[in-house]
>>> print(open('structure-v6.csv').read())   # CSV, C-alpha atoms
chain,number,residue,atom,x,y,z
A,1,ASP,CA,119.1,119.6,26.2
A,2,PRO,CA,121.6,116.9,25.5
A,3,LYS,CA,125.1,118.2,24.8
A,4,ILE,CA,126.3,115.1,23.0
A,5,ILE,CA,123.9,113.9,20.4
A,6,GLN,CA,124.1,110.3,19.0
A,7,LYS,CA,121.9,109.2,16.2
A,8,PRO,CA,120.2,106.9,15.8
A,9,LYS,CA,119.4,105.6,19.3
A,10,TYR,CA,118.6,102.1,18.0
A,11,LEU,CA,119.8,100.5,14.7
A,12,VAL,CA,119.1,97.1,13.2
A,13,ALA,CA,121.3,96.0,10.3
A,14,VAL,CA,121.7,92.9,8.2
A,15,THR,CA,125.1,91.1,8.0
A,16,GLY,CA,127.3,92.5,5.3
A,17,SER,CA,125.6,95.9,5.2
A,18,GLU,CA,127.2,99.3,6.0
A,19,LYS,CA,126.0,101.8,8.6
A,20,ILE,CA,127.1,105.2,9.9
A,21,LEU,CA,126.7,106.2,13.5
A,22,ILE,CA,126.3,109.9,14.1
A,23,CYS,CA,127.9,111.9,16.9
A,24,GLU,CA,127.8,115.7,17.4
A,25,GLN,CA,128.9,117.6,20.5
A,26,TYR,CA,127.9,121.1,21.5
A,27,LEU,CA,130.3,121.5,24.4
A,28,GLY,CA,133.1,123.2,22.5
A,29,HIS,CA,135.4,120.3,23.3
A,30,ASN,CA,138.5,119.7,21.2
A,31,ALA,CA,138.6,115.9,21.6
A,32,MET,CA,136.1,113.2,20.8
A,33,TYR,CA,136.1,109.4,21.3
A,34,TRP,CA,134.3,106.3,20.4
A,35,TYR,CA,133.7,103.4,22.9
A,36,ARG,CA,132.0,100.1,22.4
A,37,GLN,CA,130.1,98.1,25.0
A,38,SER,CA,129.2,94.5,24.1
A,39,ALA,CA,127.2,92.1,26.2
A,40,LYS,CA,129.1,90.9,29.2
A,41,LYS,CA,132.2,92.9,28.3
A,42,PRO,CA,133.6,96.2,29.8
A,43,LEU,CA,133.4,99.4,27.8
A,44,GLU,CA,136.2,99.3,25.3
A,45,PHE,CA,138.1,102.3,23.9
A,46,MET,CA,138.0,102.4,20.1
A,47,PHE,CA,139.3,105.8,18.9
A,48,SER,CA,140.3,109.2,20.1
A,49,TYR,CA,140.4,112.3,17.9
A,50,SER,CA,141.8,115.7,18.8
A,51,TYR,CA,141.3,118.7,16.6
A,52,GLN,CA,139.8,116.4,14.0
A,53,LYS,CA,143.0,114.2,13.9
A,54,LEU,CA,143.3,110.6,15.0
A,55,MET,CA,145.2,110.4,18.3
A,56,ASP,CA,144.8,106.8,19.3
A,57,ASN,CA,143.3,103.7,17.8
A,58,GLN,CA,142.8,100.5,19.8
A,59,THR,CA,143.6,98.4,16.7
A,60,ALA,CA,140.0,98.3,15.7
A,61,SER,CA,139.2,96.5,12.5
A,62,SER,CA,139.6,98.6,9.3
A,63,ARG,CA,135.8,98.1,8.9
A,64,PHE,CA,135.5,100.7,11.6
A,65,GLN,CA,136.3,104.2,10.2
A,66,PRO,CA,135.8,107.4,12.2
A,67,GLN,CA,134.8,110.4,10.1
A,68,SER,CA,135.2,114.0,11.3
A,69,SER,CA,133.7,116.4,8.8
A,70,LYS,CA,133.5,119.2,11.4
A,71,LYS,CA,135.3,119.8,14.6
A,72,ASN,CA,132.3,118.9,16.7
A,73,HIS,CA,131.4,115.8,14.7
A,74,LEU,CA,132.9,112.4,14.9
A,75,ASP,CA,130.8,109.8,13.0
A,76,LEU,CA,131.6,106.1,12.9
A,77,GLN,CA,131.3,104.2,9.6
A,78,ILE,CA,131.1,100.5,9.9
A,79,THR,CA,131.3,98.4,6.8
A,80,ALA,CA,130.7,94.7,6.1
A,81,LEU,CA,128.7,94.3,9.4
A,82,LYS,CA,128.9,91.1,11.3
A,83,PRO,CA,126.7,89.8,14.1
A,84,ASP,CA,129.7,90.2,16.5
A,85,ASP,CA,129.5,94.0,15.9
A,86,SER,CA,126.3,94.0,17.8
A,87,ALA,CA,126.9,96.4,20.8
A,88,THR,CA,126.2,99.8,22.1
A,89,TYR,CA,128.5,102.4,20.7
A,90,PHE,CA,129.2,105.4,22.9
A,91,CYS,CA,130.6,108.7,21.7
A,92,ALA,CA,132.3,110.9,24.2
A,93,SER,CA,134.1,114.3,24.3
A,94,SER,CA,136.4,116.2,26.5
A,95,GLN,CA,138.7,119.2,26.6
A,96,GLU,CA,142.1,117.8,26.0
A,97,GLY,CA,144.6,119.2,28.5
A,98,ASP,CA,142.1,119.5,31.3
A,99,ASN,CA,143.1,116.5,33.3
A,100,ASN,CA,140.4,117.1,35.9
A,101,GLN,CA,137.6,116.8,33.4
A,102,ALA,CA,136.2,113.4,32.7
A,103,PRO,CA,134.8,112.8,29.2
A,104,LEU,CA,131.1,113.3,28.8
A,105,PHE,CA,129.3,110.5,27.1
A,106,GLY,CA,126.4,110.4,24.7
A,107,GLU,CA,123.4,108.2,25.2
A,108,GLY,CA,124.8,105.6,22.9
A,109,THR,CA,123.6,103.9,19.7
A,110,ARG,CA,122.5,100.3,20.2
A,111,LEU,CA,123.4,98.3,17.1
A,112,SER,CA,122.0,94.9,16.4
A,113,VAL,CA,123.3,93.0,13.4
A,114,LEU,CA,121.2,90.1,12.2
B,115,GLY,CA,148.2,97.2,28.8
B,116,GLN,CA,146.4,98.7,31.7
B,117,GLN,CA,143.9,96.4,33.5
B,118,VAL,CA,141.2,97.5,35.8
B,119,GLN,CA,139.5,95.1,38.2
B,120,GLN,CA,136.4,95.8,40.2
B,121,SER,CA,134.8,94.1,43.1
B,122,PRO,CA,132.3,92.9,44.0
B,123,ALA,CA,130.7,92.1,40.6
B,124,SER,CA,127.3,92.6,42.1
B,125,LEU,CA,125.9,93.9,45.4
B,126,VAL,CA,122.4,93.9,46.8
B,127,LEU,CA,121.5,96.2,49.6
B,128,GLN,CA,118.4,97.4,51.4
B,129,GLU,CA,117.7,101.1,51.3
B,130,GLY,CA,119.6,102.9,53.9
B,131,GLU,CA,122.6,100.6,53.9
B,132,ASN,CA,126.1,101.7,52.9
B,133,ALA,CA,128.0,100.3,49.9
B,134,GLU,CA,131.8,99.9,49.5
B,135,LEU,CA,133.0,99.3,45.9
B,136,GLN,CA,136.6,98.5,45.1
B,137,CYS,CA,138.8,99.2,42.1
B,138,ASN,CA,142.3,97.8,41.5
B,139,PHE,CA,144.5,98.7,38.6
B,140,SER,CA,147.6,97.2,37.1
B,141,SER,CA,149.9,100.3,36.5
B,142,THR,CA,150.2,103.9,37.5
B,143,ALA,CA,147.2,105.9,36.6
B,144,THR,CA,147.4,109.6,35.9
B,145,GLN,CA,143.6,109.9,36.1
B,146,LEU,CA,141.0,107.8,37.8
B,147,GLN,CA,137.3,108.3,37.6
B,148,TRP,CA,134.1,106.7,38.8
B,149,PHE,CA,131.2,106.5,36.5
B,150,TYR,CA,127.6,105.5,37.0
B,151,GLN,CA,125.7,103.6,34.2
B,152,SER,CA,122.0,103.7,34.6
B,153,PRO,CA,119.9,100.6,33.9
B,154,GLY,CA,119.0,102.4,30.6
B,155,GLY,CA,122.6,102.5,29.6
B,156,SER,CA,123.6,106.2,29.9
B,157,LEU,CA,126.9,107.0,31.5
B,158,VAL,CA,127.6,109.8,34.0
B,159,SER,CA,130.8,110.8,35.6
B,160,LEU,CA,130.5,110.8,39.4
B,161,LEU,CA,134.0,111.6,40.7
B,162,SER,CA,137.5,112.3,39.4
B,163,ASN,CA,140.0,111.1,42.0
B,164,PRO,CA,143.5,110.2,41.0
B,165,SER,CA,144.7,110.4,44.6
B,166,GLY,CA,143.5,111.1,48.1
B,167,THR,CA,139.9,111.3,49.3
B,168,LYS,CA,137.1,113.2,47.6
B,169,HIS,CA,133.5,113.7,48.6
B,170,THR,CA,130.4,114.6,46.7
B,171,GLY,CA,127.0,114.2,48.3
B,172,ARG,CA,126.7,110.7,49.6
B,173,LEU,CA,129.7,109.5,47.7
B,174,THR,CA,133.3,109.3,49.0
B,175,SER,CA,136.2,108.1,47.0
B,176,THR,CA,139.6,107.2,48.4
B,177,THR,CA,142.4,106.4,46.0
B,178,VAL,CA,145.8,105.1,47.3
B,179,THR,CA,148.0,105.6,44.3
B,180,LYS,CA,151.0,103.6,45.5
B,181,GLU,CA,148.8,100.6,46.2
B,182,ARG,CA,146.9,101.1,42.9
B,183,ARG,CA,143.5,100.9,44.4
B,184,SER,CA,140.5,103.1,44.8
B,185,SER,CA,137.2,102.7,46.6
B,186,LEU,CA,133.8,104.3,46.3
B,187,HIS,CA,131.7,104.5,49.4
B,188,ILE,CA,128.0,105.2,49.0
B,189,SER,CA,126.3,106.1,52.2
B,190,SER,CA,122.6,105.7,53.0
B,191,SER,CA,121.8,104.0,49.7
B,192,GLN,CA,118.6,104.8,47.9
B,193,THR,CA,116.7,102.8,45.3
B,194,THR,CA,117.7,105.3,42.7
B,195,ASP,CA,121.3,104.4,43.3
B,196,SER,CA,120.7,101.1,41.5
B,197,GLY,CA,122.8,100.6,38.4
B,198,THR,CA,126.4,99.8,37.5
B,199,TYR,CA,129.4,101.6,38.9
B,200,LEU,CA,132.4,101.8,36.7
B,201,CYS,CA,136.0,102.6,37.6
B,202,ALA,CA,138.0,104.0,34.7
B,203,ILE,CA,141.7,104.8,34.4
B,204,GLU,CA,143.4,107.0,31.9
B,205,SER,CA,145.9,105.1,29.9
B,206,GLY,CA,147.9,105.5,26.7
B,207,THR,CA,149.8,108.4,25.3
B,208,GLY,CA,148.1,111.3,23.5
B,209,GLY,CA,144.4,111.8,23.4
B,210,TYR,CA,142.3,110.6,26.3
B,211,LYS,CA,142.2,106.8,26.3
B,212,VAL,CA,140.2,105.5,29.2
B,213,VAL,CA,140.2,101.9,30.3
B,214,PHE,CA,137.1,100.7,32.1
B,215,GLY,CA,136.6,98.0,34.6
B,216,SER,CA,133.8,95.5,34.3
B,217,GLY,CA,131.8,97.4,36.9
B,218,THR,CA,129.9,96.6,40.1
B,219,ARG,CA,126.2,96.1,39.6
B,220,LEU,CA,124.3,97.6,42.6
B,221,LEU,CA,120.7,96.8,43.4
B,222,VAL,CA,119.1,98.7,46.2
B,223,SER,CA,115.7,97.4,47.3
B,224,PRO,CA,113.1,99.3,49.2
>>> encode(input="structure-v6.csv", output="structure tokens")
Amino acid sequence: DPKIIQKPKYLVAVTGSEKILICEQYLGHNAMYWYRQSAKKPLEFMFSYSYQKLMDNQTASSRFQPQSSKKNHLDLQITALKPDDSATYFCASSQEGDNNQAPLFGEGTRLSVL
Amino acid sequence: GQQVQQSPASLVLQEGENAELQCNFSSTATQLQWFYQSPGGSLVSLLSNPSGTKHTGRLTSTTVTKERRSSLHISSSQTTDSGTYLCAIESGTGGYKVVFGSGTRLLVSP
């Protein structure tokens, strides 16, 4: 069973619309992250949350807003979508303080903005 | 900020051959990991190796911290090893901000 669930797996949106990408982890981790992978670019860090508080933000546009309603949830709301937002968005989690543990990644949500 | 460079960008092997992947990073890393990204896109951690040499199965990673480089050796490659290998460095303060390289795309043919 997947331990990090991302929904939906695929998402098509029109320019200017708003979407929410869902992420839930069932690993008991205290830290969650969002990464983005665009075509021909490396995976880029976007946000990290620890105990539901923002720890680090890679100066993502304010159109990208993480939302943590529960400690094992970190959703990503994207408003005023643009074609350049098309990418695969990966959620990850880890136990902060355990330096030997790499973050575990979800399967990603592939977003296409038309 | 931290930069991570990987080489080669792509590699084609015949099954059974060995592969050597390189990762160079611009500043001291407290944590270094190698990830595998499948052709379908999912990411799996292979090895965590901030310094020294580590083995797991057919994989061997050697990190020389002072020289800011790490290598991943894949022995006796198999077609199922095909995919992208990513080197990632922990960077930033607080949280767990990982900076990824662009990856080495490996294709192993039968």
>>> interface_residues(input="structure-v6.csv", of="chain B", to="chain A", cutoff="6 Å", atoms="all atoms listed in the file", output="list of chain:residue names")
B:Ser156, B:Gly209, B:Phe214, B:Gly215, B:Ser216
>>> residues_around(input="structure-v6.csv", residues="Ser86 in chain A", least_positions_apart="4", cutoff="7 Å", atoms="all atoms listed in the file", output="list in words")
Ser38, Leu111, Ser112 and Val113 of chain A
>>> atom_distance(input="structure-v6.csv", atom1="CA of Arg36 in chain A", atom2="CA of Cys91 in chain A")
8.7 Å
>>> residues_around(input="structure-v6.csv", residues="range 137-152 of chain B", least_positions_apart="4", cutoff="8 Å", atoms="all atoms listed in the file", output="JSON, numbers by chain")
{"A": [99, 100, 102], "B": [116, 117, 118, 119, 120, 121, 156, 157, 158, 159, 160, 161, 162, 163, 164, 179, 182, 183, 184, 185, 186, 196, 197, 198, 199, 200, 201, 202, 203, 204, 205, 215]}
>>> atom_distance(input="structure-v6.csv", atom1="CA of Ser191 in chain B", atom2="CA of Arg219 in chain B")
13.6 Å
>>> atom_distance(input="structure-v6.csv", atom1="CA of Ser190 in chain B", atom2="CA of Pro153 in chain B")
20.0 Å
>>> closest_residue(input="structure-v6.csv", among="A:Lys9, A:Lys82, A:Arg63, A:Lys3", to="His29 in chain A", atoms="only C-alpha atoms")
A:Lys3
>>> axis_aligned_box(input="structure-v6.csv", around="range 146-159 of chain B", padding_each_side="5 Å", output="JSON")
{"center_x": 130.0, "center_y": 105.7, "center_z": 34.2, "size_x": 32.0, "size_y": 20.2, "size_z": 19.2}
>>> residues_around(input="structure-v6.csv", residues="Ala13 in chain A", least_positions_apart="3", cutoff="12 Å", atoms="all atoms listed in the file", output="ChimeraX atom specification")
/A:10,16-21,78-87,110-114
>>> write_last_selection(input="structure-v6.csv", atoms="C-alpha atoms", output="PDB file, keeping the file's coordinate frame")
ATOM      1  CA  TYR A  10     118.600 102.100  18.000  1.00  0.00           C
ATOM      2  CA  GLY A  16     127.300  92.500   5.300  1.00  0.00           C
ATOM      3  CA  SER A  17     125.600  95.900   5.200  1.00  0.00           C
ATOM      4  CA  GLU A  18     127.200  99.300   6.000  1.00  0.00           C
ATOM      5  CA  LYS A  19     126.000 101.800   8.600  1.00  0.00           C
ATOM      6  CA  ILE A  20     127.100 105.200   9.900  1.00  0.00           C
ATOM      7  CA  LEU A  21     126.700 106.200  13.500  1.00  0.00           C
ATOM      8  CA  ILE A  78     131.100 100.500   9.900  1.00  0.00           C
ATOM      9  CA  THR A  79     131.300  98.400   6.800  1.00  0.00           C
ATOM     10  CA  ALA A  80     130.700  94.700   6.100  1.00  0.00           C
ATOM     11  CA  LEU A  81     128.700  94.300   9.400  1.00  0.00           C
ATOM     12  CA  LYS A  82     128.900  91.100  11.300  1.00  0.00           C
ATOM     13  CA  PRO A  83     126.700  89.800  14.100  1.00  0.00           C
ATOM     14  CA  ASP A  84     129.700  90.200  16.500  1.00  0.00           C
ATOM     15  CA  ASP A  85     129.500  94.000  15.900  1.00  0.00           C
ATOM     16  CA  SER A  86     126.300  94.000  17.800  1.00  0.00           C
ATOM     17  CA  ALA A  87     126.900  96.400  20.800  1.00  0.00           C
ATOM     18  CA  ARG A 110     122.500 100.300  20.200  1.00  0.00           C
ATOM     19  CA  LEU A 111     123.400  98.300  17.100  1.00  0.00           C
ATOM     20  CA  SER A 112     122.000  94.900  16.400  1.00  0.00           C
ATOM     21  CA  VAL A 113     123.300  93.000  13.400  1.00  0.00           C
ATOM     22  CA  LEU A 114     121.200  90.100  12.200  1.00  0.00           C
TER      23      LEU A 114
END
>>> residues_around(input="structure-v6.csv", residues="Glu131 in chain B", least_positions_apart="2", cutoff="12 Å", atoms="all atoms listed in the file", output="list in words")
Leu125, Val126, Leu127, Gln128, Glu129, Ala133, Glu134, Arg172, His187, Ile188, Ser189, Ser190, Ser191, Gln192, Thr193, Asp195, Leu220, Leu221, Val222, Ser223 and Pro224 of chain B
>>> closest_residue(input="structure-v6.csv", among="B:Thr218, B:Leu135, B:Thr194, B:Gly155", to="Thr176 in chain B", atoms="only C-alpha atoms")
B:Leu135
>>> decode(input="structure-v6.csv", residues="range 13-28 of chain A", atoms="N, CA, C and O atoms", output="compact mmCIF listing (two decimals), in the first residue's frame")
# COMPACT_ATOMS: atom_id res chain seq x y z
N ALA A 13 -5.89 21.55 -16.43
CA ALA A 13 -6.57 22.77 -16.01
C ALA A 13 -6.46 23.83 -17.10
O ALA A 13 -5.55 23.77 -17.94
N VAL A 14 -7.38 24.78 -17.06
CA VAL A 14 -7.31 25.87 -18.02
C VAL A 14 -6.59 27.06 -17.37
O VAL A 14 -6.62 27.23 -16.14
N THR A 15 -5.97 27.86 -18.19
CA THR A 15 -5.26 29.05 -17.70
C THR A 15 -6.22 29.93 -16.90
O THR A 15 -7.36 30.15 -17.30
N GLY A 16 -5.73 30.38 -15.74
CA GLY A 16 -6.51 31.25 -14.89
C GLY A 16 -7.32 30.55 -13.82
O GLY A 16 -7.84 31.19 -12.89
N SER A 17 -7.44 29.25 -13.92
CA SER A 17 -8.24 28.51 -12.94
C SER A 17 -7.41 28.22 -11.68
O SER A 17 -6.23 28.56 -11.59
N GLU A 18 -8.07 27.56 -10.73
CA GLU A 18 -7.43 27.23 -9.45
C GLU A 18 -7.57 25.73 -9.20
O GLU A 18 -8.62 25.15 -9.48
N LYS A 19 -6.51 25.13 -8.69
CA LYS A 19 -6.56 23.70 -8.39
C LYS A 19 -5.89 23.44 -7.05
O LYS A 19 -5.03 24.21 -6.60
N ILE A 20 -6.30 22.33 -6.43
CA ILE A 20 -5.66 21.89 -5.19
C ILE A 20 -5.09 20.50 -5.39
O ILE A 20 -5.81 19.58 -5.81
N LEU A 21 -3.82 20.36 -5.09
CA LEU A 21 -3.15 19.06 -5.16
C LEU A 21 -3.11 18.48 -3.74
O LEU A 21 -2.68 19.16 -2.80
N ILE A 22 -3.56 17.24 -3.63
CA ILE A 22 -3.70 16.62 -2.32
C ILE A 22 -2.49 15.76 -1.99
O ILE A 22 -1.97 15.05 -2.86
N CYS A 23 -2.06 15.81 -0.74
CA CYS A 23 -0.99 14.92 -0.27
C CYS A 23 -1.27 14.48 1.16
O CYS A 23 -1.47 15.32 2.04
N GLU A 24 -1.25 13.16 1.37
CA GLU A 24 -1.42 12.59 2.70
C GLU A 24 -0.33 11.55 2.91
O GLU A 24 -0.05 10.77 2.00
N GLN A 25 0.25 11.55 4.11
CA GLN A 25 1.26 10.52 4.40
C GLN A 25 0.86 9.74 5.64
O GLN A 25 0.35 10.31 6.61
N TYR A 26 1.10 8.44 5.58
CA TYR A 26 0.73 7.54 6.66
C TYR A 26 1.97 6.85 7.21
O TYR A 26 2.00 5.64 7.43
N LEU A 27 3.01 7.65 7.39
CA LEU A 27 4.29 7.15 7.89
C LEU A 27 4.60 7.67 9.28
O LEU A 27 5.63 7.34 9.85
N GLY A 28 3.73 8.54 9.79
CA GLY A 28 3.99 9.13 11.10
C GLY A 28 5.09 10.17 11.08
O GLY A 28 5.62 10.53 12.12
